[in-house]
Amino acid sequence: MRPWCTDPYADALLAGRGPLFLRRDDGWLLPLEVERWCAHADEADMTVLRRCEGAVIDIGCGPGRLVAAVARQGHPALGVDLSPAAVARTVSAGGTALCRSVFDRLPGEGRWGTALLLDGNIGIGGDPHALLRRVARLVDTGGLLLVEAASADVDERVRVRVDDGRGGLGGSFPWARLGLRALRRHSEATGWRAAREWTAGGRSFLELRRVELPGAAAPHAAVARAQVPGTAAPGAHVPDARVPGARVPRAAVPRGAVPRAGTRHGDGER
Ligand SMILES: C[S@@+](CC[C@H](N)C(=O)[O-])C[C@H]1O[C@@H](n2cnc3c(N)ncnc32)[C@H](O)[C@@H]1O
């Protein structure tokens, strides 16, 4: 069973509320903010979303509040999540989402204008370098990655389980937590240049720009198009392997030249 595909997470998304935690092997509990994830995007989220440029891919989109909000702003937007329950909620909220891992093949590789890793999602896979390198292959040259950091000054790799606090426990999987300092350090080693950082609603965010790593082959739009089923023909759809009936509208996949919107800034910018 893949992580996050177990009952405690699906049940919480279905109910729209916790309690829900990530439980470390030593018993330490990280509360998961299911109610906030299942609500509309809040003002802190909007400080991130106003910076989005071009087509937006939300990695680990959960129930899809960010996908829905950024689409309302007029950006082509796609959520990607391992959890069928999360993808179903995103789609029922009117968003577009694929039930896949960020490490699987995705539409529009190398052409996204902005990638999002919010709500602790820098922890996905438990190896921030691997994740940051993967996301660098998803966005366009000069594209944006908007990341949320842990509020504590941490740099940790752990094994966790999803725990509902009432005996419901998922399988163990690797996770990571990075504060701002560690996030800057890891991103600069993996094809990103740290730009602005800011805080809003007690949360910390960092804006990263993709740069070329010496010796790294740049992703090429034509190659990406040829590899992604359904993206070659205008108006085609990308079928999703895991959610029957879920399809990605052509409009949610970035085309070669994605126009960039202007950026606006939120509170607490440094
Ligand atoms: C901490 S939650 C974040 C929730 C989300 N940002 C929201 O708005 O509700 C992590 C999310 O990432 C998803 N996830 C975990 N590993 C993933 C992977 N390898 N690829 C894509 N999504 C993943 C989980 O299913 C879960 O929905």
# chains A, B, ... in the order shown; residues from 1 in each chain; ligands from 1
>>> residues_near_ligand(ligand="ligand 1", cutoff="7 Å", atoms="only C-alpha atoms and all ligand atoms", output="MDAnalysis selection string")
chainID A and resid 3:5 32 34 37:38 59:66 80:83 86 100:103 118:121 124:125
>>> residues_around(residues="range 153-167 of chain A", least_positions_apart="5", cutoff="6 Å", atoms="only C-alpha atoms", output="list in words")
Pro8, Pro19, Leu20, Phe21, Leu22, Arg23, Arg24, Gly126, Ser172, Phe173, Pro174, Trp175, Ala176, Arg177, Leu178, Gly179 and Ala182 of chain A
>>> write_last_selection(atoms="N, CA and C atoms", output="mmCIF file, in the first residue's frame")
data_model
loop_
_atom_site.group_PDB
_atom_site.id
_atom_site.type_symbol
_atom_site.label_atom_id
_atom_site.label_comp_id
_atom_site.auth_asym_id
_atom_site.auth_seq_id
_atom_site.Cartn_x
_atom_site.Cartn_y
_atom_site.Cartn_z
ATOM 1 N N PRO A 8 -7.021 5.896 7.580
ATOM 2 C CA PRO A 8 -7.104 7.094 8.438
ATOM 3 C C PRO A 8 -7.102 8.388 7.638
ATOM 4 N N PRO A 19 -9.340 14.409 14.358
ATOM 5 C CA PRO A 19 -7.895 14.531 14.516
ATOM 6 C C PRO A 19 -7.113 13.597 13.589
ATOM 7 N N LEU A 20 -5.939 14.065 13.174
ATOM 8 C CA LEU A 20 -5.047 13.251 12.361
ATOM 9 C C LEU A 20 -3.622 13.739 12.607
ATOM 10 N N PHE A 21 -2.703 12.795 12.636
ATOM 11 C CA PHE A 21 -1.307 13.115 12.972
ATOM 12 C C PHE A 21 -0.363 12.327 12.076
ATOM 13 N N LEU A 22 0.871 12.814 11.960
ATOM 14 C CA LEU A 22 1.985 11.967 11.538
ATOM 15 C C LEU A 22 2.675 11.526 12.820
ATOM 16 N N ARG A 23 2.746 10.209 13.016
ATOM 17 C CA ARG A 23 3.379 9.666 14.237
ATOM 18 C C ARG A 23 4.770 9.150 13.886
ATOM 19 N N ARG A 24 5.778 9.695 14.548
ATOM 20 C CA ARG A 24 7.136 9.214 14.371
ATOM 21 C C ARG A 24 7.313 7.923 15.162
ATOM 22 N N GLY A 126 10.621 11.829 1.831
ATOM 23 C CA GLY A 126 11.629 11.753 2.894
ATOM 24 C C GLY A 126 13.038 12.082 2.436
ATOM 25 N N SER A 172 4.193 2.551 7.600
ATOM 26 C CA SER A 172 5.320 3.463 7.837
ATOM 27 C C SER A 172 5.909 3.943 6.512
ATOM 28 N N PHE A 173 6.265 5.217 6.437
ATOM 29 C CA PHE A 173 6.879 5.760 5.223
ATOM 30 C C PHE A 173 7.854 6.883 5.597
ATOM 31 N N PRO A 174 8.807 7.195 4.706
ATOM 32 C CA PRO A 174 9.784 8.244 5.012
ATOM 33 C C PRO A 174 9.201 9.626 4.828
ATOM 34 N N TRP A 175 9.596 10.557 5.682
ATOM 35 C CA TRP A 175 9.107 11.940 5.636
ATOM 36 C C TRP A 175 10.268 12.844 6.024
ATOM 37 N N ALA A 176 10.177 14.120 5.717
ATOM 38 C CA ALA A 176 11.237 15.066 6.089
ATOM 39 C C ALA A 176 10.597 16.353 6.556
ATOM 40 N N ARG A 177 11.322 17.099 7.397
ATOM 41 C CA ARG A 177 10.881 18.451 7.787
ATOM 42 C C ARG A 177 12.066 19.389 7.667
ATOM 43 N N LEU A 178 11.843 20.528 7.010
ATOM 44 C CA LEU A 178 12.908 21.513 6.818
ATOM 45 C C LEU A 178 12.417 22.873 7.266
ATOM 46 N N GLY A 179 13.215 23.541 8.113
ATOM 47 C CA GLY A 179 12.982 24.954 8.393
ATOM 48 C C GLY A 179 13.571 25.779 7.248
ATOM 49 N N ALA A 182 17.451 25.327 6.399
ATOM 50 C CA ALA A 182 17.751 24.064 5.716
ATOM 51 C C ALA A 182 17.166 24.069 4.303
#
>>> residues_around(residues="Ala194 in chain A", least_positions_apart="2", cutoff="8 Å", atoms="only C-alpha atoms", output="MDAnalysis selection string")
chainID A and resid 184 187:188 192 196 206:209
>>> write_last_selection(atoms="N, CA and C atoms", output="PDB file, in the first residue's frame")
ATOM      1  N   ARG A 184      16.710  26.646   2.298  1.00  0.00           N
ATOM      2  CA  ARG A 184      17.598  27.454   1.438  1.00  0.00           C
ATOM      3  C   ARG A 184      18.826  26.644   1.035  1.00  0.00           C
ATOM      4  N   SER A 187      17.888  23.763  -1.377  1.00  0.00           N
ATOM      5  CA  SER A 187      17.402  24.188  -2.693  1.00  0.00           C
ATOM      6  C   SER A 187      18.553  24.702  -3.539  1.00  0.00           C
ATOM      7  N   GLU A 188      19.513  25.395  -2.910  1.00  0.00           N
ATOM      8  CA  GLU A 188      20.627  25.946  -3.693  1.00  0.00           C
ATOM      9  C   GLU A 188      21.536  24.842  -4.220  1.00  0.00           C
ATOM     10  N   TRP A 192      18.059  25.418  -7.708  1.00  0.00           N
ATOM     11  CA  TRP A 192      17.140  26.502  -7.363  1.00  0.00           C
ATOM     12  C   TRP A 192      17.915  27.677  -6.782  1.00  0.00           C
ATOM     13  N   ARG A 196      12.612  35.419  -2.474  1.00  0.00           N
ATOM     14  CA  ARG A 196      12.057  36.032  -1.263  1.00  0.00           C
ATOM     15  C   ARG A 196      11.610  34.975  -0.250  1.00  0.00           C
ATOM     16  N   LEU A 206       8.987  30.228   1.151  1.00  0.00           N
ATOM     17  CA  LEU A 206      10.175  30.613   0.387  1.00  0.00           C
ATOM     18  C   LEU A 206       9.849  30.505  -1.098  1.00  0.00           C
ATOM     19  N   GLU A 207      10.286  31.536  -1.833  1.00  0.00           N
ATOM     20  CA  GLU A 207      10.111  31.535  -3.293  1.00  0.00           C
ATOM     21  C   GLU A 207      11.440  31.150  -3.923  1.00  0.00           C
ATOM     22  N   LEU A 208      11.424  30.123  -4.760  1.00  0.00           N
ATOM     23  CA  LEU A 208      12.642  29.640  -5.413  1.00  0.00           C
ATOM     24  C   LEU A 208      12.503  29.772  -6.924  1.00  0.00           C
ATOM     25  N   ARG A 209      13.595  30.110  -7.598  1.00  0.00           N
ATOM     26  CA  ARG A 209      13.643  30.217  -9.067  1.00  0.00           C
ATOM     27  C   ARG A 209      14.518  29.099  -9.609  1.00  0.00           C
TER      28      ARG A 209
END
>>> select_by_dssp(residues="range 18-225 of chain A", states="strand (DSSP E)", output="MDAnalysis selection string")
chainID A and resid 21:24 29:31 56:59 77:81 97:99 112:117 139:149 155:163 173:178 192:200 203:210
>>> write_last_selection(atoms="C-alpha atoms", output="mmCIF file, in the first residue's frame")
data_model
loop_
_atom_site.group_PDB
_atom_site.id
_atom_site.type_symbol
_atom_site.label_atom_id
_atom_site.label_comp_id
_atom_site.auth_asym_id
_atom_site.auth_seq_id
_atom_site.Cartn_x
_atom_site.Cartn_y
_atom_site.Cartn_z
ATOM 1 C CA PHE A 21 -1.307 13.115 12.972
ATOM 2 C CA LEU A 22 1.985 11.967 11.538
ATOM 3 C CA ARG A 23 3.379 9.666 14.237
ATOM 4 C CA ARG A 24 7.136 9.214 14.371
ATOM 5 C CA LEU A 29 3.056 13.459 16.939
ATOM 6 C CA LEU A 30 2.822 16.124 14.218
ATOM 7 C CA PRO A 31 -0.815 17.324 13.964
ATOM 8 C CA VAL A 56 0.533 25.776 -11.808
ATOM 9 C CA ILE A 57 1.165 22.240 -10.575
ATOM 10 C CA ASP A 58 0.269 21.598 -6.919
ATOM 11 C CA ILE A 59 2.293 18.625 -5.661
ATOM 12 C CA ALA A 77 -3.864 24.310 -12.659
ATOM 13 C CA LEU A 78 -3.281 20.629 -11.963
ATOM 14 C CA GLY A 79 -3.155 18.839 -8.611
ATOM 15 C CA VAL A 80 -1.134 15.648 -8.197
ATOM 16 C CA ASP A 81 -1.676 13.352 -5.254
ATOM 17 C CA ALA A 97 -6.106 16.392 -10.397
ATOM 18 C CA LEU A 98 -4.168 13.249 -11.202
ATOM 19 C CA CYS A 99 -3.800 10.311 -8.840
ATOM 20 C CA TRP A 112 5.100 24.316 -15.698
ATOM 21 C CA GLY A 113 5.375 27.978 -14.749
ATOM 22 C CA THR A 114 4.960 27.365 -10.992
ATOM 23 C CA ALA A 115 5.117 24.347 -8.692
ATOM 24 C CA LEU A 116 3.675 24.371 -5.168
ATOM 25 C CA LEU A 117 4.934 22.372 -2.162
ATOM 26 C CA VAL A 139 9.114 23.533 -14.189
ATOM 27 C CA ASP A 140 10.255 25.698 -17.054
ATOM 28 C CA THR A 141 13.703 27.332 -17.009
ATOM 29 C CA GLY A 142 13.280 30.371 -14.759
ATOM 30 C CA GLY A 143 10.106 28.845 -13.353
ATOM 31 C CA LEU A 144 8.976 29.169 -9.765
ATOM 32 C CA LEU A 145 8.747 26.824 -6.809
ATOM 33 C CA LEU A 146 6.768 28.161 -3.839
ATOM 34 C CA VAL A 147 7.526 26.123 -0.722
ATOM 35 C CA GLU A 148 6.335 26.175 2.849
ATOM 36 C CA ALA A 149 8.996 25.581 5.508
ATOM 37 C CA ASP A 155 16.452 19.528 9.059
ATOM 38 C CA GLU A 156 15.215 16.021 9.743
ATOM 39 C CA ARG A 157 14.496 12.751 7.958
ATOM 40 C CA VAL A 158 12.123 10.466 9.804
ATOM 41 C CA ARG A 159 9.799 7.498 9.370
ATOM 42 C CA VAL A 160 6.168 8.223 10.166
ATOM 43 C CA ARG A 161 2.679 6.724 10.028
ATOM 44 C CA VAL A 162 -0.670 8.463 9.596
ATOM 45 C CA ASP A 163 -2.453 8.110 12.944
ATOM 46 C CA PHE A 173 6.879 5.760 5.223
ATOM 47 C CA PRO A 174 9.784 8.244 5.012
ATOM 48 C CA TRP A 175 9.107 11.940 5.636
ATOM 49 C CA ALA A 176 11.237 15.066 6.089
ATOM 50 C CA ARG A 177 10.881 18.451 7.787
ATOM 51 C CA LEU A 178 12.908 21.513 6.818
ATOM 52 C CA TRP A 192 17.140 26.502 -7.363
ATOM 53 C CA ARG A 193 17.982 30.071 -6.393
ATOM 54 C CA ALA A 194 16.271 31.300 -3.229
ATOM 55 C CA ALA A 195 14.477 34.599 -3.813
ATOM 56 C CA ARG A 196 12.057 36.032 -1.263
ATOM 57 C CA GLU A 197 10.928 34.559 2.028
ATOM 58 C CA TRP A 198 7.943 35.715 4.004
ATOM 59 C CA THR A 199 5.587 34.728 6.809
ATOM 60 C CA ALA A 200 1.799 34.864 6.884
ATOM 61 C CA ARG A 203 3.490 30.025 8.406
ATOM 62 C CA SER A 204 6.836 30.494 6.620
ATOM 63 C CA PHE A 205 7.306 30.436 2.855
ATOM 64 C CA LEU A 206 10.175 30.613 0.387
ATOM 65 C CA GLU A 207 10.111 31.535 -3.293
ATOM 66 C CA LEU A 208 12.642 29.640 -5.413
ATOM 67 C CA ARG A 209 13.643 30.217 -9.067
ATOM 68 C CA ARG A 210 14.897 27.388 -11.204
#
>>> atom_distance(atom1="CA of Ala189 in chain A", atom2="CA of His129 in chain A")
8.0 Å
>>> closest_residue(among="A:Arg2, A:Asp11, A:Arg111, A:Ala150", to="Arg181 in chain A", atoms="only C-alpha atoms")
A:Ala150
